[in-house]
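File shown: input_8.pdb (PDB, C-alpha atoms, pLDDT in the B column).
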```pdb
ATOM      1  CA  GLY V   1       0.000   0.000   0.000  1.00 89.00           C
ATOM      2  CA  ILE V   2       0.856   3.687   0.096  1.00 95.00           C
ATOM      3  CA  LYS V   3       2.320   5.058   3.311  1.00 96.00           C
ATOM      4  CA  CYS V   4       1.149   8.445   4.593  1.00 96.00           C
ATOM      5  CA  ILE V   5       3.400  10.165   7.106  1.00 95.00           C
ATOM      6  CA  ASN V   6       0.706  11.680   9.305  1.00 92.00           C
ATOM      7  CA  ASP V   7       1.193  15.006  11.082  1.00 91.00           C
ATOM      8  CA  LEU V   8      -1.609  14.163  13.521  1.00 89.00           C
ATOM      9  CA  GLY V   9      -0.208  10.925  14.867  1.00 89.00           C
ATOM     10  CA  ASP V  10       0.637   7.446  13.698  1.00 92.00           C
ATOM     11  CA  ASP V  11       1.456   6.914  10.046  1.00 94.00           C
ATOM     12  CA  VAL V  12      -1.302   5.296   8.020  1.00 92.00           C
ATOM     13  CA  PHE V  13      -1.365   3.011   5.007  1.00 94.00           C
ATOM     14  CA  GLY V  14      -3.849   2.713   2.174  1.00 92.00           C
ATOM     15  CA  LYS V  15      -4.254   0.730  -1.002  1.00 92.00           C
ATOM     16  CA  PRO V  16      -6.462   1.641  -3.982  1.00 91.00           C
ATOM     17  CA  VAL V  17      -9.118  -0.915  -4.816  1.00 91.00           C
ATOM     18  CA  ALA V  18      -8.885  -0.007  -8.496  1.00 92.00           C
ATOM     19  CA  VAL V  19      -6.957   2.374 -10.726  1.00 91.00           C
ATOM     20  CA  SER V  20      -8.286   2.959 -14.226  1.00 94.00           C
ATOM     21  CA  ASP V  21      -8.578   5.541 -16.973  1.00 93.00           C
ATOM     22  CA  ASN V  22     -11.865   3.899 -18.006  1.00 96.00           C
ATOM     23  CA  PRO V  23     -14.771   5.489 -16.063  1.00 95.00           C
ATOM     24  CA  SER V  24     -17.105   2.628 -16.943  1.00 96.00           C
ATOM     25  CA  LYS V  25     -15.001   0.320 -14.759  1.00 94.00           C
ATOM     26  CA  VAL V  26     -14.842   2.410 -11.590  1.00 93.00           C
ATOM     27  CA  THR V  27     -17.795   4.825 -11.578  1.00 94.00           C
ATOM     28  CA  PRO V  28     -21.134   2.939 -11.760  1.00 93.00           C
ATOM     29  CA  ASP V  29     -21.113   1.628  -8.178  1.00 91.00           C
ATOM     30  CA  ALA V  30     -19.726   4.804  -6.602  1.00 95.00           C
ATOM     31  CA  ASP V  31     -21.854   6.362  -3.850  1.00 97.00           C
ATOM     32  CA  VAL V  32     -19.421   9.268  -3.458  1.00 98.00           C
ATOM     33  CA  VAL V  33     -17.274  10.938  -6.137  1.00 98.00           C
ATOM     34  CA  ILE V  34     -14.637  13.485  -5.061  1.00 97.00           C
ATOM     35  CA  PHE V  35     -12.546  15.507  -7.495  1.00 97.00           C
ATOM     36  CA  ALA V  36      -9.167  16.375  -5.959  1.00 95.00           C
ATOM     37  CA  LEU V  37      -8.234  18.202  -9.138  1.00 93.00           C
ATOM     38  CA  PRO V  38      -7.485  21.681 -10.486  1.00 91.00           C
ATOM     39  CA  SER V  39     -10.722  23.469 -11.379  1.00 92.00           C
ATOM     40  CA  PHE V  40      -9.863  23.694 -15.080  1.00 94.00           C
ATOM     41  CA  THR V  41     -10.138  19.887 -15.316  1.00 96.00           C
ATOM     42  CA  HIS V  42     -13.564  19.569 -13.668  1.00 97.00           C
ATOM     43  CA  GLY V  43     -15.475  19.809 -16.927  1.00 97.00           C
ATOM     44  CA  LEU V  44     -13.317  17.165 -18.589  1.00 97.00           C
ATOM     45  CA  TYR V  45     -13.944  14.662 -15.792  1.00 97.00           C
ATOM     46  CA  LEU V  46     -17.641  15.450 -15.435  1.00 97.00           C
ATOM     47  CA  LYS V  47     -18.140  14.873 -19.150  1.00 97.00           C
ATOM     48  CA  ALA V  48     -16.294  11.546 -18.990  1.00 97.00           C
ATOM     49  CA  LEU V  49     -18.150  10.332 -15.886  1.00 97.00           C
ATOM     50  CA  LYS V  50     -21.634  11.510 -16.871  1.00 97.00           C
ATOM     51  CA  PRO V  51     -22.826   8.265 -18.556  1.00 97.00           C
ATOM     52  CA  TYR V  52     -21.822   6.187 -15.530  1.00 97.00           C
ATOM     53  CA  LEU V  53     -22.902   8.239 -12.510  1.00 97.00           C
ATOM     54  CA  LYS V  54     -25.855   6.768 -10.677  1.00 95.00           C
ATOM     55  CA  PRO V  55     -28.766   8.951  -9.537  1.00 93.00           C
ATOM     56  CA  GLY V  56     -28.427  10.180  -5.978  1.00 96.00           C
ATOM     57  CA  VAL V  57     -24.636  10.166  -5.981  1.00 98.00           C
ATOM     58  CA  ILE V  58     -22.744  12.529  -3.681  1.00 98.00           C
ATOM     59  CA  ILE V  59     -20.391  14.405  -5.977  1.00 98.00           C
ATOM     60  CA  GLY V  60     -18.085  17.303  -5.268  1.00 98.00           C
ATOM     61  CA  ALA V  61     -14.666  18.886  -5.487  1.00 97.00           C
ATOM     62  CA  MET V  62     -11.855  19.837  -3.156  1.00 95.00           C
ATOM     63  CA  PRO V  63     -10.996  22.558  -3.647  1.00 92.00           C
ATOM     64  CA  GLY V  64     -14.260  23.667  -5.222  1.00 90.00           C
ATOM     65  CA  GLU V  65     -13.449  27.143  -6.506  1.00 83.00           C
ATOM     66  CA  GLY V  66     -14.052  28.041 -10.127  1.00 87.00           C
ATOM     67  CA  GLY V  67     -17.829  27.699  -9.961  1.00 93.00           C
ATOM     68  CA  PHE V  68     -18.016  23.932  -9.516  1.00 96.00           C
ATOM     69  CA  ASP V  69     -21.806  24.066  -9.229  1.00 97.00           C
ATOM     70  CA  LEU V  70     -22.133  25.854 -12.572  1.00 97.00           C
ATOM     71  CA  THR V  71     -19.701  23.450 -14.230  1.00 97.00           C
ATOM     72  CA  ALA V  72     -21.631  20.467 -12.882  1.00 98.00           C
ATOM     73  CA  ARG V  73     -24.928  21.841 -14.144  1.00 97.00           C
ATOM     74  CA  HIS V  74     -23.410  22.539 -17.547  1.00 98.00           C
ATOM     75  CA  PHE V  75     -22.019  19.024 -18.046  1.00 98.00           C
ATOM     76  CA  LEU V  76     -24.467  16.907 -16.039  1.00 98.00           C
ATOM     77  CA  GLY V  77     -27.627  18.931 -16.590  1.00 97.00           C
ATOM     78  CA  ASP V  78     -29.962  20.600 -14.118  1.00 97.00           C
ATOM     79  CA  TYR V  79     -32.185  17.531 -13.851  1.00 97.00           C
ATOM     80  CA  PHE V  80     -29.370  15.212 -12.742  1.00 97.00           C
ATOM     81  CA  VAL V  81     -27.786  17.745 -10.404  1.00 97.00           C
ATOM     82  CA  SER V  82     -31.119  18.351  -8.667  1.00 96.00           C
ATOM     83  CA  ARG V  83     -31.252  14.629  -7.903  1.00 97.00           C
ATOM     84  CA  CYS V  84     -27.767  14.305  -6.424  1.00 97.00           C
ATOM     85  CA  ASP V  85     -25.907  15.820  -3.476  1.00 98.00           C
ATOM     86  CA  LEU V  86     -23.509  18.449  -4.822  1.00 98.00           C
ATOM     87  CA  PHE V  87     -20.728  19.799  -2.602  1.00 98.00           C
ATOM     88  CA  ALA V  88     -17.469  21.734  -2.641  1.00 97.00           C
ATOM     89  CA  LEU V  89     -14.720  22.342  -0.090  1.00 97.00           C
ATOM     90  CA  GLU V  90     -13.270  25.840  -0.158  1.00 94.00           C
ATOM     91  CA  THR V  91      -9.751  24.456   0.103  1.00 93.00           C
ATOM     92  CA  LEU V  92      -7.881  21.187   0.423  1.00 94.00           C
ATOM     93  CA  PRO V  93      -8.004  19.612   3.900  1.00 95.00           C
ATOM     94  CA  TRP V  94      -4.258  18.988   3.940  1.00 94.00           C
ATOM     95  CA  ALA V  95      -0.934  20.288   2.649  1.00 90.00           C
ATOM     96  CA  CYS V  96       0.693  17.157   1.201  1.00 91.00           C
ATOM     97  CA  ARG V  97       3.806  16.233  -0.703  1.00 92.00           C
ATOM     98  CA  ILE V  98       4.852  13.103  -2.561  1.00 95.00           C
ATOM     99  CA  ILE V  99       7.883  11.403  -1.003  1.00 96.00           C
ATOM    100  CA  GLU V 100       8.148   8.492  -3.432  1.00 96.00           C
ATOM    101  CA  TYR V 101       5.625   8.231  -6.226  1.00 93.00           C
ATOM    102  CA  GLY V 102       3.168   5.383  -5.668  1.00 91.00           C
ATOM    103  CA  LYS V 103       4.774   4.454  -2.345  1.00 95.00           C
ATOM    104  CA  SER V 104       4.758   7.252   0.201  1.00 97.00           C
ATOM    105  CA  VAL V 105       3.414  10.749   0.862  1.00 96.00           C
ATOM    106  CA  GLU V 106       3.692  13.210   3.734  1.00 96.00           C
ATOM    107  CA  ASP V 107       0.964  15.296   5.305  1.00 94.00           C
ATOM    108  CA  LEU V 108       2.838  18.472   6.187  1.00 90.00           C
ATOM    109  CA  GLY V 109      -0.146  20.143   7.782  1.00 90.00           C
ATOM    110  CA  THR V 110      -3.779  19.303   8.446  1.00 93.00           C
ATOM    111  CA  LYS V 111      -6.062  22.317   8.532  1.00 93.00           C
ATOM    112  CA  LYS V 112      -8.158  22.781  11.647  1.00 92.00           C
ATOM    113  CA  GLU V 113     -11.370  24.072  10.067  1.00 94.00           C
ATOM    114  CA  ILE V 114     -12.604  24.656   6.514  1.00 94.00           C
ATOM    115  CA  ASP V 115     -15.878  25.577   4.844  1.00 96.00           C
ATOM    116  CA  VAL V 116     -17.975  23.183   2.782  1.00 97.00           C
ATOM    117  CA  VAL V 117     -21.021  24.072   0.717  1.00 97.00           C
ATOM    118  CA  VAL V 118     -23.704  21.486  -0.003  1.00 98.00           C
ATOM    119  CA  THR V 119     -26.842  21.551  -2.123  1.00 97.00           C
ATOM    120  CA  PRO V 120     -28.637  18.355  -1.100  1.00 97.00           C
ATOM    121  CA  LYS V 121     -31.233  16.527  -3.139  1.00 96.00           C
ATOM    122  CA  ASP V 122     -34.813  16.247  -1.905  1.00 94.00           C
ATOM    123  CA  GLY V 123     -34.965  14.035   1.159  1.00 95.00           C
ATOM    124  CA  ASP V 124     -31.380  14.696   2.260  1.00 97.00           C
ATOM    125  CA  THR V 125     -30.134  17.393   4.594  1.00 97.00           C
ATOM    126  CA  ILE V 126     -26.938  19.430   4.527  1.00 98.00           C
ATOM    127  CA  GLU V 127     -25.953  17.917   7.878  1.00 98.00           C
ATOM    128  CA  GLU V 128     -26.311  14.361   6.565  1.00 98.00           C
ATOM    129  CA  VAL V 129     -24.115  15.025   3.534  1.00 98.00           C
ATOM    130  CA  VAL V 130     -21.504  16.879   5.609  1.00 98.00           C
ATOM    131  CA  ALA V 131     -21.381  13.916   7.999  1.00 98.00           C
ATOM    132  CA  VAL V 132     -20.554  11.553   5.122  1.00 98.00           C
ATOM    133  CA  ILE V 133     -17.760  13.791   3.843  1.00 98.00           C
ATOM    134  CA  GLN V 134     -16.426  14.315   7.369  1.00 98.00           C
ATOM    135  CA  LYS V 135     -16.224  10.545   7.889  1.00 97.00           C
ATOM    136  CA  ILE V 136     -14.176  10.196   4.697  1.00 96.00           C
ATOM    137  CA  ILE V 137     -11.798  13.054   5.538  1.00 94.00           C
ATOM    138  CA  GLY V 138     -11.387  12.190   9.209  1.00 93.00           C
ATOM    139  CA  ARG V 139     -11.489  14.051  12.500  1.00 93.00           C
ATOM    140  CA  LEU V 140      -9.770  17.129  11.130  1.00 94.00           C
ATOM    141  CA  PRO V 141     -10.340  19.519   9.563  1.00 95.00           C
ATOM    142  CA  VAL V 142     -13.785  20.197  10.984  1.00 96.00           C
ATOM    143  CA  LEU V 143     -16.165  20.949   8.113  1.00 97.00           C
ATOM    144  CA  LYS V 144     -18.294  24.069   8.570  1.00 97.00           C
ATOM    145  CA  PRO V 145     -21.301  24.483   6.223  1.00 97.00           C
ATOM    146  CA  ALA V 146     -21.022  27.580   4.027  1.00 96.00           C
ATOM    147  CA  ALA V 147     -23.976  29.604   2.796  1.00 95.00           C
ATOM    148  CA  ASN V 148     -23.570  29.111  -0.948  1.00 96.00           C
ATOM    149  CA  PHE V 149     -21.286  28.154  -3.823  1.00 96.00           C
ATOM    150  CA  LEU V 150     -20.524  31.774  -4.706  1.00 96.00           C
ATOM    151  CA  ALA V 151     -18.862  32.331  -1.339  1.00 96.00           C
ATOM    152  CA  VAL V 152     -16.704  29.235  -1.815  1.00 94.00           C
ATOM    153  CA  THR V 153     -15.784  30.342  -5.332  1.00 93.00           C
ATOM    154  CA  MET V 154     -14.803  33.818  -4.109  1.00 95.00           C
ATOM    155  CA  MET V 155     -12.820  32.253  -1.264  1.00 92.00           C
ATOM    156  CA  ASN V 156     -10.304  30.953  -3.816  1.00 90.00           C
ATOM    157  CA  ILE V 157      -7.353  31.206  -1.485  1.00 91.00           C
ATOM    158  CA  ASN V 158      -4.837  29.878  -4.000  1.00 89.00           C
ATOM    159  CA  SER V 159      -5.575  32.744  -6.372  1.00 91.00           C
ATOM    160  CA  VAL V 160      -4.470  35.089  -3.586  1.00 94.00           C
ATOM    161  CA  TRP V 161      -1.530  33.091  -2.226  1.00 92.00           C
ATOM    162  CA  HIS V 162       0.212  31.655  -5.246  1.00 93.00           C
ATOM    163  CA  PRO V 163       0.669  34.539  -7.722  1.00 95.00           C
ATOM    164  CA  THR V 164       1.318  37.053  -4.950  1.00 96.00           C
ATOM    165  CA  ILE V 165       3.951  34.992  -3.153  1.00 94.00           C
ATOM    166  CA  SER V 166       5.549  34.062  -6.480  1.00 93.00           C
ATOM    167  CA  PHE V 167       5.754  37.728  -7.499  1.00 94.00           C
ATOM    168  CA  GLY V 168       7.144  38.710  -4.116  1.00 93.00           C
ATOM    169  CA  PHE V 169       9.820  36.052  -4.352  1.00 90.00           C
ATOM    170  CA  TYR V 170      10.908  36.609  -7.946  1.00 90.00           C
ATOM    171  CA  ARG V 171      10.520  40.396  -8.153  1.00 91.00           C
ATOM    172  CA  ASN V 172      14.219  40.998  -7.449  1.00 88.00           C
ATOM    173  CA  HIS V 173      15.547  37.816  -8.993  1.00 88.00           C
ATOM    174  CA  ASP V 174      17.029  37.474 -12.450  1.00 89.00           C
ATOM    175  CA  VAL V 175      14.751  34.746 -13.815  1.00 83.00           C
ATOM    176  CA  ALA V 176      17.329  33.965 -16.492  1.00 89.00           C
ATOM    177  CA  LYS V 177      19.540  32.578 -13.751  1.00 89.00           C
ATOM    178  CA  GLY V 178      18.797  29.290 -12.052  1.00 86.00           C
ATOM    179  CA  PHE V 179      18.938  28.312  -8.397  1.00 85.00           C
ATOM    180  CA  ASP V 180      21.449  26.087  -6.685  1.00 87.00           C
ATOM    181  CA  GLU V 181      18.527  24.336  -4.983  1.00 86.00           C
ATOM    182  CA  ALA V 182      14.755  24.481  -5.252  1.00 83.00           C
ATOM    183  CA  PRO V 183      13.492  27.598  -3.430  1.00 83.00           C
ATOM    184  CA  LEU V 184      10.975  27.231  -0.615  1.00 83.00           C
ATOM    185  CA  PHE V 185       7.605  28.772  -1.381  1.00 83.00           C
ATOM    186  CA  TYR V 186       5.810  29.957   1.765  1.00 83.00           C
ATOM    187  CA  GLN V 187       8.997  30.228   3.789  1.00 81.00           C
ATOM    188  CA  GLY V 188      10.320  32.788   1.294  1.00 78.00           C
ATOM    189  CA  ALA V 189       7.510  35.307   1.859  1.00 87.00           C
ATOM    190  CA  ASP V 190       8.678  38.641   3.270  1.00 91.00           C
ATOM    191  CA  GLU V 191       7.056  41.804   4.653  1.00 93.00           C
ATOM    192  CA  TYR V 192       6.562  43.232   1.143  1.00 95.00           C
ATOM    193  CA  THR V 193       4.699  40.092   0.104  1.00 95.00           C
ATOM    194  CA  GLY V 194       2.546  40.264   3.232  1.00 93.00           C
ATOM    195  CA  GLN V 195       1.494  43.802   2.353  1.00 96.00           C
ATOM    196  CA  LYS V 196       0.520  42.739  -1.162  1.00 96.00           C
ATOM    197  CA  LEU V 197      -1.453  39.778   0.190  1.00 96.00           C
ATOM    198  CA  ASP V 198      -3.351  42.151   2.447  1.00 96.00           C
ATOM    199  CA  LYS V 199      -4.216  44.491  -0.436  1.00 97.00           C
ATOM    200  CA  ILE V 200      -5.381  41.735  -2.767  1.00 96.00           C
ATOM    201  CA  SER V 201      -7.456  40.116  -0.047  1.00 97.00           C
ATOM    202  CA  ASN V 202      -9.043  43.484   0.691  1.00 97.00           C
ATOM    203  CA  GLU V 203     -10.015  43.731  -2.981  1.00 97.00           C
ATOM    204  CA  VAL V 204     -11.924  40.463  -2.644  1.00 97.00           C
ATOM    205  CA  LEU V 205     -13.660  41.784   0.475  1.00 97.00           C
ATOM    206  CA  GLU V 206     -14.602  44.946  -1.403  1.00 98.00           C
ATOM    207  CA  LEU V 207     -16.169  42.801  -4.102  1.00 97.00           C
ATOM    208  CA  ARG V 208     -18.125  41.013  -1.387  1.00 97.00           C
ATOM    209  CA  ARG V 209     -19.355  44.356  -0.035  1.00 98.00           C
ATOM    210  CA  VAL V 210     -20.480  45.568  -3.464  1.00 98.00           C
ATOM    211  CA  LEU V 211     -22.328  42.318  -4.240  1.00 98.00           C
ATOM    212  CA  GLU V 212     -24.112  42.270  -0.898  1.00 97.00           C
ATOM    213  CA  GLU V 213     -25.081  45.903  -1.364  1.00 98.00           C
ATOM    214  CA  LYS V 214     -26.411  45.314  -4.878  1.00 98.00           C
ATOM    215  CA  TYR V 215     -28.204  42.073  -4.041  1.00 97.00           C
ATOM    216  CA  PRO V 216     -29.863  42.350  -0.614  1.00 96.00           C
ATOM    217  CA  GLY V 217     -30.206  38.939   0.969  1.00 96.00           C
ATOM    218  CA  LEU V 218     -27.054  37.552  -0.661  1.00 97.00           C
ATOM    219  CA  ASP V 219     -25.037  35.929   2.106  1.00 97.00           C
ATOM    220  CA  LEU V 220     -21.279  36.112   1.585  1.00 97.00           C
ATOM    221  CA  LYS V 221     -20.208  36.000   5.226  1.00 96.00           C
ATOM    222  CA  ASP V 222     -17.992  33.011   4.388  1.00 96.00           C
ATOM    223  CA  VAL V 223     -15.644  35.195   2.321  1.00 96.00           C
ATOM    224  CA  HIS V 224     -12.803  35.996   4.733  1.00 94.00           C
ATOM    225  CA  HIS V 225      -9.604  38.014   4.754  1.00 96.00           C
ATOM    226  CA  VAL V 226      -6.531  35.932   4.030  1.00 93.00           C
ATOM    227  CA  SER V 227      -5.199  36.466   7.568  1.00 93.00           C
ATOM    228  CA  GLU V 228      -8.419  35.128   9.106  1.00 93.00           C
ATOM    229  CA  TRP V 229      -8.287  32.157   6.756  1.00 91.00           C
ATOM    230  CA  MET V 230      -4.750  31.358   7.834  1.00 89.00           C
ATOM    231  CA  ILE V 231      -5.615  31.489  11.532  1.00 90.00           C
ATOM    232  CA  ARG V 232      -8.708  29.318  11.007  1.00 88.00           C
ATOM    233  CA  SER V 233      -6.676  26.777   9.072  1.00 86.00           C
ATOM    234  CA  TYR V 234      -3.396  26.689  10.980  1.00 84.00           C
ATOM    235  CA  GLY V 235      -4.025  28.721  14.131  1.00 78.00           C
ATOM    236  CA  ASP V 236      -2.384  26.243  16.501  1.00 75.00           C
ATOM    237  CA  ASP V 237       0.797  26.314  14.423  1.00 73.00           C
ATOM    238  CA  ILE V 238       1.158  30.122  14.304  1.00 74.00           C
ATOM    239  CA  GLU V 239       3.053  31.733  17.164  1.00 74.00           C
ATOM    240  CA  ASP V 240       2.544  35.372  16.089  1.00 75.00           C
ATOM    241  CA  LYS V 241      -1.044  35.894  14.964  1.00 71.00           C
ATOM    242  CA  SER V 242      -0.759  39.679  14.609  1.00 69.00           C
TER     243      SER V 242
END
```
I'd like the structure from this file rewritten - as structure tokens, please.
Amino acid sequence: GIKCINDLGDDVFGKPVAVSDNPSKVTPDADVVIFALPSFTHGLYLKALKPYLKPGVIIGAMPGEGGFDLTARHFLGDYFVSRCDLFALETLPWACRIIEYGKSVEDLGTKKEIDVVVTPKDGDTIEEVVAVIQKIIGRLPVLKPAANFLAVTMMNINSVWHPTISFGFYRNHDVAKGFDEAPLFYQGADEYTGQKLDKISNEVLELRRVLEEKYPGLDLKDVHHVSEWMIRSYGDDIEDKS
């Protein structure tokens, strides 16, 4: 099996029941389908799986930014989506790295709490679907129901972190020259980068304000500043929370 070096305790091992590029062989009996994929691939996989998904399936993405609900409705159709449990996590539950492909991975950090949005089919409740996903993910992170898919889409934390930290790191580096060793990503962030992260996150919050003002009743309380997100996710690991 595959070994996972677990940051929460004892290492764990797992073994896939089946690995296939043929959806007809692995999809028809699935009660739960989770896409742990970049958002630009969601449509490709939904299109491939569509003929083999059974009615009532729980199907979702982690992370679920990029309008996963709209993509699902486009490829699966409104009728099918209304008869399944659709969900999305606003981020990945863990920060993981491959140690040896196909043999071992390491969980560098398990988040403490993340948002999940669910649109359940008739007869199911949000709490019931969240309980199923929580059982699959484990004790942590604790899944907190979000108000709607738009909030999860706007809470696309990677679109704030990744380009901003990359720019902050490379802004004074001659990109024509290589590195003696692979640079660390988050550990290389400096005060300048922190200021830029704050400004970009504030732009997202301004968008939230404008939308809520224009559309009374729209609930976007689950769109947070990047600093609040970090404390919610990794608060126990942060010594200076200022």
Neighbouring residues of Asn158 (chain V) were defined as those with any atom within 10 Å, considering all atoms listed in the file; residues of the same chain fewer than 3 positions away were excluded. Please report them as a list in words.
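Here the qualifying residues turn out to be Pro63, Glu65, Thr91, Met155, Trp161, His162, Pro163 and Thr164 of chain V.
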Output the residue selection produced by the PyMOL selection byres ((chain V and resi 45) around 12) on the file above, formatted as JSON, numbers by chain.
{"V": [21, 22, 23, 27, 33, 34, 35, 36, 37, 38, 39, 40, 41, 42, 43, 44, 46, 47, 48, 49, 50, 51, 52, 53, 59, 60, 61, 68, 71, 72, 75, 76]}
CA of Thr119 (chain V) to CA of Leu89 (chain V): how many Å, to one decimal?
12.3 Å
Pick from V:Asn172, V:Ser82, V:Thr110, V:Asn148, whichever lies nearest to Tyr234 (chain V) using only C-alpha atoms:
V:Thr110
For a quick check of understanding, using all atoms listed in the file, which of V:Val160, V:Phe80, V:His173, V:Lys111 has the smallest distance to Arg139 (chain V)?
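Using all atoms listed in the file, Arg139 (chain V) sits closest to V:Lys111.
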For Ser201 (chain V): contacts at 10 Å, all atoms listed in the file, fewer than 4 positions along chain excluded, given as number ranges by chain:
V: 155, 157, 159-161, 195-197, 205-207, 223-227
So, counting all atoms listed in the file, which residue among V:Arg97, V:Lys144, V:Lys241, V:Lys221 is closest to Ile114 (chain V)?
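Checking each candidate against Ile114 (chain V), we get V:Lys144 as the closest.
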Residue by residue, what does the PyMOL selection byres ((chain V and resi 83) around 8) grab here? Present the result as a list in words.
Pro55, Gly56, Tyr79, Phe80, Val81, Ser82, Cys84, Asp85, Lys121 and Asp122 of chain V
Taking 6 positions as the minimum chain separation for residues in the same chain, which residues sit within 8 Å of Val118 (chain V) when counting all atoms listed in the file? Answer as a ChimeraX atom specification.
/V:85-88,126,129-130,145-146,148
Looking at all atoms listed in the file, which of V:Asp11, V:Asp174, V:Glu228, V:Asp237 is the one that sits closest to Gly109 (chain V)?
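Using all atoms listed in the file, the shortest distance to Gly109 (chain V) belongs to V:Asp237.
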Quick one: distance from CA of Gly64 (chain V) to CA of Ile165 (chain V) in Å, one decimal?
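Separating CA of Gly64 (chain V) from CA of Ile165 (chain V) is a distance of 21.5 Å.
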May I ask which of the residues V:Ile136, V:Val32, V:Val105, V:Met62 is the closest one to Phe13 (chain V), counting all atoms listed in the file?
V:Val105
Hits of the PyMOL selection byres ((chain V and resi 183-191) around 8) in this structure, as a short mmCIF file (atom, residue, chain, number, x, y, z; two decimals) with C-alpha atoms, keeping the file's coordinate frame:
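See out07.cif below for the written result:
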```cif
data_model
loop_
_atom_site.label_atom_id
_atom_site.label_comp_id
_atom_site.auth_asym_id
_atom_site.auth_seq_id
_atom_site.Cartn_x
_atom_site.Cartn_y
_atom_site.Cartn_z
CA ILE V 165 3.95 34.99 -3.15
CA SER V 166 5.55 34.06 -6.48
CA GLY V 168 7.14 38.71 -4.12
CA PHE V 169 9.82 36.05 -4.35
CA PHE V 179 18.94 28.31 -8.40
CA GLU V 181 18.53 24.34 -4.98
CA ALA V 182 14.76 24.48 -5.25
CA TYR V 192 6.56 43.23 1.14
CA THR V 193 4.70 40.09 0.10
CA GLY V 194 2.55 40.26 3.23
CA GLN V 195 1.49 43.80 2.35
#
```
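Comparing V:Glu100, V:Arg208, V:Ile58, V:Asp107 by their smallest distance to Asp124 (chain V), the closest is V:Ile58 (using all atoms listed in the file).
Put simply, CA of Gly66 (chain V) is 7.9 Å away from CA of Asn156 (chain V).
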Would you give the centre and edge lengths, in Å to one decimal, of a box along x, y and z around the listed atoms of region 133-143 of chain V, with 4 Å added to each side, as JSON?
```
{"center_x": -13.8, "center_y": 15.6, "center_z": 8.2, "size_x": 16.0, "size_y": 18.8, "size_z": 16.7}
```
